[in-house]
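Chemist: Input structure_22.pdb, format and content: PDB, C-alpha atoms.
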```pdb
MODEL        1
ATOM      1  CA  MET A   1      71.468  53.940 -37.322
ATOM      2  CA  ILE A   2      68.891  51.154 -37.390
ATOM      3  CA  ARG A   3      70.060  48.196 -39.467
ATOM      4  CA  LEU A   4      67.463  45.558 -38.506
ATOM      5  CA  VAL A   5      63.745  45.782 -37.772
ATOM      6  CA  ALA A   6      61.965  42.942 -35.978
ATOM      7  CA  PHE A   7      58.195  42.620 -35.878
ATOM      8  CA  ASP A   8      55.936  40.885 -33.403
ATOM      9  CA  ALA A   9      53.331  38.663 -35.102
ATOM     10  CA  ASN A  10      49.865  38.757 -33.459
ATOM     11  CA  GLY A  11      48.362  42.231 -33.336
ATOM     12  CA  THR A  12      51.380  43.730 -35.099
ATOM     13  CA  LEU A  13      52.277  42.114 -38.407
ATOM     14  CA  PHE A  14      48.855  40.438 -38.469
ATOM     15  CA  ASP A  15      45.654  42.355 -37.797
ATOM     16  CA  ASP A  16      44.223  39.513 -35.750
ATOM     17  CA  THR A  17      43.694  40.732 -32.184
ATOM     18  CA  PRO A  18      39.992  39.691 -31.985
ATOM     19  CA  PHE A  19      40.879  36.212 -33.322
ATOM     20  CA  MET A  20      43.744  35.869 -30.842
ATOM     21  CA  ILE A  21      41.495  36.874 -27.931
ATOM     22  CA  ALA A  22      38.837  34.396 -29.059
ATOM     23  CA  ALA A  23      41.418  31.599 -29.312
ATOM     24  CA  LEU A  24      42.892  32.368 -25.883
ATOM     25  CA  ASN A  25      39.413  32.272 -24.379
ATOM     26  CA  ALA A  26      38.602  29.056 -26.246
ATOM     27  CA  VAL A  27      41.401  27.431 -24.265
ATOM     28  CA  PHE A  28      39.754  28.502 -21.010
ATOM     29  CA  LEU A  29      36.428  27.085 -22.184
ATOM     30  CA  ALA A  30      38.033  23.811 -23.277
ATOM     31  CA  LEU A  31      39.444  23.483 -19.764
ATOM     32  CA  GLY A  32      36.084  24.140 -18.138
ATOM     33  CA  ARG A  33      36.932  27.703 -17.099
ATOM     34  CA  GLU A  34      35.078  30.938 -17.766
ATOM     35  CA  ALA A  35      36.211  33.192 -20.590
ATOM     36  CA  LEU A  36      37.752  36.575 -19.725
ATOM     37  CA  SER A  37      36.573  39.919 -21.004
ATOM     38  CA  SER A  38      38.767  41.441 -23.699
ATOM     39  CA  ARG A  39      39.844  44.134 -21.252
ATOM     40  CA  ASP A  40      40.759  41.645 -18.523
ATOM     41  CA  LEU A  41      42.614  39.414 -20.954
ATOM     42  CA  ALA A  42      44.587  42.386 -22.317
ATOM     43  CA  ARG A  43      45.499  43.342 -18.754
ATOM     44  CA  ARG A  44      46.656  39.838 -17.820
ATOM     45  CA  LEU A  45      48.403  38.642 -20.979
ATOM     46  CA  GLY A  46      52.197  38.719 -20.918
ATOM     47  CA  ILE A  47      55.295  36.679 -21.676
ATOM     48  CA  PRO A  48      55.280  33.723 -21.569
ATOM     49  CA  TRP A  49      51.675  33.686 -22.739
ATOM     50  CA  THR A  50      50.992  30.381 -20.978
ATOM     51  CA  ASP A  51      51.356  32.177 -17.627
ATOM     52  CA  LEU A  52      47.905  33.599 -18.321
ATOM     53  CA  TYR A  53      46.514  30.157 -17.490
ATOM     54  CA  ARG A  54      48.938  29.293 -14.708
ATOM     55  CA  ARG A  55      48.089  32.441 -12.758
ATOM     56  CA  LEU A  56      44.407  31.522 -12.954
ATOM     57  CA  GLY A  57      44.888  28.041 -11.558
ATOM     58  CA  VAL A  58      45.505  25.798 -14.573
ATOM     59  CA  SER A  59      48.271  23.480 -13.407
ATOM     60  CA  PRO A  60      50.764  21.719 -15.711
ATOM     61  CA  ALA A  61      49.187  18.441 -14.571
ATOM     62  CA  GLU A  62      45.820  19.610 -15.903
ATOM     63  CA  ALA A  63      47.241  21.016 -19.147
ATOM     64  CA  SER A  64      50.914  21.126 -20.108
ATOM     65  CA  ASP A  65      52.350  24.005 -22.127
ATOM     66  CA  GLN A  66      52.159  21.688 -25.147
ATOM     67  CA  ASP A  67      48.464  21.082 -24.419
ATOM     68  CA  LEU A  68      47.822  24.825 -24.158
ATOM     69  CA  THR A  69      49.647  25.433 -27.424
ATOM     70  CA  ARG A  70      47.642  22.716 -29.175
ATOM     71  CA  LEU A  71      44.304  24.031 -27.895
ATOM     72  CA  TYR A  72      45.205  27.576 -28.890
ATOM     73  CA  ARG A  73      46.344  26.506 -32.371
ATOM     74  CA  GLU A  74      43.151  24.519 -32.972
ATOM     75  CA  ALA A  75      40.952  27.420 -31.879
ATOM     76  CA  TYR A  76      42.919  30.015 -33.825
ATOM     77  CA  LEU A  77      42.877  27.996 -37.048
ATOM     78  CA  ALA A  78      39.139  27.397 -36.669
ATOM     79  CA  GLY A  79      38.561  31.151 -36.992
ATOM     80  CA  PRO A  80      38.918  33.473 -39.986
ATOM     81  CA  ALA A  81      42.304  33.698 -41.683
ATOM     82  CA  PRO A  82      44.122  36.819 -40.463
ATOM     83  CA  LYS A  83      44.951  39.722 -42.732
ATOM     84  CA  LEU A  84      48.194  41.648 -42.720
ATOM     85  CA  ALA A  85      48.143  44.786 -40.614
ATOM     86  CA  ARG A  86      47.823  48.066 -42.452
ATOM     87  CA  GLY A  87      51.039  48.885 -44.272
ATOM     88  CA  ALA A  88      52.807  45.648 -43.303
ATOM     89  CA  GLY A  89      53.675  44.685 -46.852
ATOM     90  CA  ALA A  90      54.870  48.171 -47.735
ATOM     91  CA  ALA A  91      56.976  48.325 -44.563
ATOM     92  CA  ILE A  92      58.738  45.015 -45.236
ATOM     93  CA  ARG A  93      59.359  45.871 -48.879
ATOM     94  CA  GLY A  94      60.594  49.358 -48.016
ATOM     95  CA  LEU A  95      62.948  48.188 -45.297
ATOM     96  CA  SER A  96      64.308  45.340 -47.410
ATOM     97  CA  SER A  97      64.890  47.559 -50.437
ATOM     98  CA  ALA A  98      66.801  49.972 -48.170
ATOM     99  CA  GLY A  99      69.140  47.157 -47.218
ATOM    100  CA  LEU A 100      67.833  46.511 -43.702
ATOM    101  CA  ALA A 101      67.311  43.017 -42.341
ATOM    102  CA  VAL A 102      63.672  42.282 -41.465
ATOM    103  CA  VAL A 103      62.769  39.640 -38.896
ATOM    104  CA  VAL A 104      59.640  38.262 -37.250
ATOM    105  CA  LEU A 105      60.152  37.579 -33.538
ATOM    106  CA  SER A 106      57.103  36.397 -31.638
ATOM    107  CA  ALA A 107      55.869  34.465 -28.626
ATOM    108  CA  GLN A 108      53.465  32.636 -30.929
ATOM    109  CA  GLU A 109      54.339  29.095 -31.993
ATOM    110  CA  GLU A 110      56.856  29.420 -34.824
ATOM    111  CA  ALA A 111      55.176  26.801 -37.012
ATOM    112  CA  LEU A 112      51.878  28.683 -36.819
ATOM    113  CA  THR A 113      53.524  32.008 -37.691
ATOM    114  CA  ARG A 114      55.243  30.433 -40.698
ATOM    115  CA  GLU A 115      51.946  28.856 -41.735
ATOM    116  CA  GLN A 116      50.320  32.289 -41.679
ATOM    117  CA  LEU A 117      53.174  33.972 -43.557
ATOM    118  CA  ALA A 118      53.076  31.308 -46.270
ATOM    119  CA  ARG A 119      50.003  33.094 -47.635
ATOM    120  CA  TRP A 120      52.334  35.913 -48.694
ATOM    121  CA  PRO A 121      55.360  34.136 -50.221
ATOM    122  CA  GLU A 122      56.918  37.348 -51.536
ATOM    123  CA  LEU A 123      56.997  38.849 -48.049
ATOM    124  CA  LEU A 124      58.175  35.613 -46.467
ATOM    125  CA  ALA A 125      61.084  35.562 -48.913
ATOM    126  CA  SER A 126      62.030  39.103 -47.809
ATOM    127  CA  LEU A 127      62.466  38.080 -44.170
ATOM    128  CA  SER A 128      65.913  37.290 -42.811
ATOM    129  CA  GLU A 129      64.511  35.184 -39.964
ATOM    130  CA  VAL A 130      61.246  33.983 -38.481
ATOM    131  CA  ARG A 131      61.526  33.208 -34.778
ATOM    132  CA  GLY A 132      58.688  31.963 -32.601
ATOM    133  CA  ASP A 133      58.059  30.361 -29.221
ATOM    134  CA  ILE A 134      59.884  33.287 -27.590
ATOM    135  CA  ASN A 135      59.446  33.528 -23.822
ATOM    136  CA  ASP A 136      62.069  36.241 -23.195
ATOM    137  CA  LYS A 137      62.080  38.909 -25.875
ATOM    138  CA  THR A 138      64.806  40.946 -24.181
ATOM    139  CA  ALA A 139      67.246  38.047 -24.468
ATOM    140  CA  ALA A 140      65.930  37.160 -27.924
ATOM    141  CA  LEU A 141      66.595  40.681 -29.225
ATOM    142  CA  ARG A 142      70.113  40.678 -27.814
ATOM    143  CA  ASN A 143      70.767  37.270 -29.360
ATOM    144  CA  LEU A 144      69.314  38.473 -32.652
ATOM    145  CA  ALA A 145      71.717  41.417 -32.674
ATOM    146  CA  ALA A 146      74.651  39.102 -31.966
ATOM    147  CA  ARG A 147      73.699  36.713 -34.782
ATOM    148  CA  HIS A 148      73.625  39.609 -37.244
ATOM    149  CA  GLY A 149      76.821  41.184 -35.926
ATOM    150  CA  LEU A 150      74.999  44.267 -34.661
ATOM    151  CA  ASP A 151      74.749  46.282 -31.480
ATOM    152  CA  PRO A 152      71.251  46.004 -29.911
ATOM    153  CA  ALA A 153      70.913  49.775 -30.450
ATOM    154  CA  GLU A 154      70.944  49.071 -34.191
ATOM    155  CA  LEU A 155      67.710  47.088 -33.845
ATOM    156  CA  ALA A 156      64.117  48.315 -33.742
ATOM    157  CA  TYR A 157      61.314  46.154 -32.398
ATOM    158  CA  VAL A 158      57.694  46.725 -33.390
ATOM    159  CA  GLY A 159      54.959  45.379 -31.129
ATOM    160  CA  ASP A 160      51.396  46.004 -29.986
ATOM    161  CA  GLN A 161      51.798  45.157 -26.297
ATOM    162  CA  VAL A 162      53.380  46.983 -23.379
ATOM    163  CA  SER A 163      55.659  43.992 -22.798
ATOM    164  CA  ASP A 164      57.013  44.393 -26.350
ATOM    165  CA  ILE A 165      57.977  47.992 -25.632
ATOM    166  CA  VAL A 166      59.482  47.196 -22.232
ATOM    167  CA  ASP A 167      61.498  44.253 -23.565
ATOM    168  CA  ALA A 168      62.857  46.306 -26.471
ATOM    169  CA  LYS A 169      63.951  49.044 -24.070
ATOM    170  CA  ARG A 170      65.621  46.516 -21.769
ATOM    171  CA  ALA A 171      67.489  45.058 -24.743
ATOM    172  CA  GLY A 172      68.754  48.532 -25.654
ATOM    173  CA  SER A 173      66.771  48.545 -28.914
ATOM    174  CA  LEU A 174      64.394  51.104 -30.412
ATOM    175  CA  PRO A 175      60.781  50.381 -29.307
ATOM    176  CA  ILE A 176      57.990  51.100 -31.801
ATOM    177  CA  GLY A 177      54.330  50.547 -30.959
ATOM    178  CA  ARG A 178      51.664  49.416 -33.377
ATOM    179  CA  ALA A 179      48.322  51.120 -32.739
ATOM    180  CA  GLY A 180      45.263  48.920 -33.177
ATOM    181  CA  GLY A 181      46.581  45.802 -31.470
ATOM    182  CA  LEU A 182      46.051  44.533 -27.933
ATOM    183  CA  HIS A 183      47.069  47.651 -25.996
ATOM    184  CA  PRO A 184      45.927  51.231 -26.667
ATOM    185  CA  VAL A 185      48.191  54.032 -27.870
ATOM    186  CA  GLY A 186      48.362  55.691 -24.460
ATOM    187  CA  ARG A 187      49.682  52.584 -22.740
ATOM    188  CA  LEU A 188      52.275  52.005 -25.438
ATOM    189  CA  SER A 189      53.442  55.609 -25.194
ATOM    190  CA  ARG A 190      53.645  55.535 -21.406
ATOM    191  CA  ALA A 191      55.639  52.309 -21.589
ATOM    192  CA  GLY A 192      58.269  54.182 -23.594
ATOM    193  CA  ALA A 193      57.525  53.626 -27.282
ATOM    194  CA  LYS A 194      59.609  56.018 -29.373
ATOM    195  CA  PHE A 195      56.916  56.009 -32.047
ATOM    196  CA  VAL A 196      53.391  54.584 -32.213
ATOM    197  CA  VAL A 197      52.043  53.994 -35.707
ATOM    198  CA  ALA A 198      48.668  52.930 -37.078
ATOM    199  CA  ASP A 199      50.190  52.328 -40.517
ATOM    200  CA  LEU A 200      53.344  50.204 -40.527
ATOM    201  CA  ALA A 201      54.334  51.738 -43.868
ATOM    202  CA  GLU A 202      55.438  54.817 -41.893
ATOM    203  CA  ILE A 203      58.283  52.931 -40.224
ATOM    204  CA  PRO A 204      60.978  53.206 -42.937
ATOM    205  CA  ASP A 205      60.678  56.995 -42.947
ATOM    206  CA  LEU A 206      60.490  57.251 -39.170
ATOM    207  CA  ILE A 207      63.775  55.406 -38.691
ATOM    208  CA  GLY A 208      65.468  57.067 -41.642
ATOM    209  CA  ALA A 209      65.628  53.965 -43.844
ATOM    210  CA  THR A 210      66.275  55.037 -47.423
ATOM    211  CA  ARG A 211      67.024  53.119 -50.591
ATOM    212  CA  PRO A 212      70.758  52.572 -51.109
ATOM    213  CA  ALA A 213      72.356  54.836 -53.681
ATOM    214  CA  VAL A 214      72.651  53.310 -57.146
TER     215      VAL A 214
ENDMDL
END
```
Could you write out this file's structure as structure tokens?
Modeler:
Amino acid sequence: MIRLVAFDANGTLFDDTPFMIAALNAVFLALGREALSSRDLARRLGIPWTDLYRRLGVSPAEASDQDLTRLYREAYLAGPAPKLARGAGAAIRGLSSAGLAVVVLSAQEEALTREQLARWPELLASLSEVRGDINDKTAALRNLAARHGLDPAELAYVGDQVSDIVDAKRAGSLPIGRAGGLHPVGRLSRAGAKFVVADLAEIPDLIGATRPAV
């Protein structure tokens, strides 16, 4: 039985993939590099996200991880404010009302994720935890289970990238893909997603989360 559901932020809880891609490329431009195509960026992006720049020759001496984070934040905030992904609010409310813990666990800077979530105070109040700056989601999911007194198999992780699915499987948790983010449905399915949903509101029913009996 699933007792906790954790969501990735960019491309999963937030419908912001084009803004994220633009911000990642803005970092390249700020460093005097060429921008990547959306397809190439999706192929190269992983965890930690800063490795995207290291593998393409940006040394820590040229730009530290803190510099990369600052440049990304500035570019992201200069763009349009992200909207919640389809069904995100209904999913969080449904899971919470069924007695499940709901968590945000993301590689994105935690302060930025909290800043985004502050636009929806009711949803933010429904979250048990908001964790950011995650470079190893497998370990983070296992630690999350331990903090909540759960087995990793009692966790589900929802993400839009292949790495999200792979890390959830490695942690022993249930991997759920969100269609419409960085990676297409086929890649998420081949990576081992148990379910792939376009509407996050489907998740409570898919995992058998029901309201507690009165």
Chemist: Taking into account only C-alpha atoms, which residue in the set A:Gly149, A:Gly186, A:Gly177, A:Gly87 is nearest to A:Asp199?
Modeler: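 With only C-alpha atoms as the atom set, the closest residue is A:Gly87.
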Chemist: Considering all atoms listed in the file, tabulate each residue of stretch 90-186 of chain A that lies at most 9 Å from stretch 17-38 of chain A along with its nearest interatomic pair and the corresponding distance in Å to one decimal; arrange the rows by chain and ascending residue number and present them as JSON lines.
Modeler:
```
{"residue": "A:Gly180", "atom": "CA", "partner": "A:Thr17", "partner_atom": "CA", "distance": 8.4}
{"residue": "A:Gly181", "atom": "CA", "partner": "A:Thr17", "partner_atom": "CA", "distance": 5.9}
{"residue": "A:Leu182", "atom": "CA", "partner": "A:Thr17", "partner_atom": "CA", "distance": 6.2}
```
Chemist: Nearest to A:Gln108: which of A:Asp67, A:Asp51, A:Asp133, A:Asp151 is it, counting all atoms listed in the file?
Modeler: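 Closest residue, counting all atoms listed in the file: A:Asp133.
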Chemist: Using only C-alpha atoms, find all polymer residues with an atom at most 8 Å away from the point (56.3, 51.5, -41.8); report them as number ranges by chain.
Modeler: A: 87-88, 90-92, 94, 197, 199-206
Chemist: Let me see the file: selected residues, C-alpha atoms, as an mmCIF file, in the coordinates of the input.
Modeler:
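As a result, out22.cif now contains:
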```cif
data_model
loop_
_atom_site.group_PDB
_atom_site.id
_atom_site.type_symbol
_atom_site.label_atom_id
_atom_site.label_comp_id
_atom_site.auth_asym_id
_atom_site.auth_seq_id
_atom_site.Cartn_x
_atom_site.Cartn_y
_atom_site.Cartn_z
ATOM 1 C CA GLY A 87 51.039 48.885 -44.272
ATOM 2 C CA ALA A 88 52.807 45.648 -43.303
ATOM 3 C CA ALA A 90 54.870 48.171 -47.735
ATOM 4 C CA ALA A 91 56.976 48.325 -44.563
ATOM 5 C CA ILE A 92 58.738 45.015 -45.236
ATOM 6 C CA GLY A 94 60.594 49.358 -48.016
ATOM 7 C CA VAL A 197 52.043 53.994 -35.707
ATOM 8 C CA ASP A 199 50.190 52.328 -40.517
ATOM 9 C CA LEU A 200 53.344 50.204 -40.527
ATOM 10 C CA ALA A 201 54.334 51.738 -43.868
ATOM 11 C CA GLU A 202 55.438 54.817 -41.893
ATOM 12 C CA ILE A 203 58.283 52.931 -40.224
ATOM 13 C CA PRO A 204 60.978 53.206 -42.937
ATOM 14 C CA ASP A 205 60.678 56.995 -42.947
ATOM 15 C CA LEU A 206 60.490 57.251 -39.170
#
```
Chemist: Which one of A:Glu154, A:Asp15, A:Glu110, A:Glu115 sits closest to A:Val130 if you count all atoms listed in the file?
Modeler: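 Smallest separation from A:Val130 among the options: A:Glu110.
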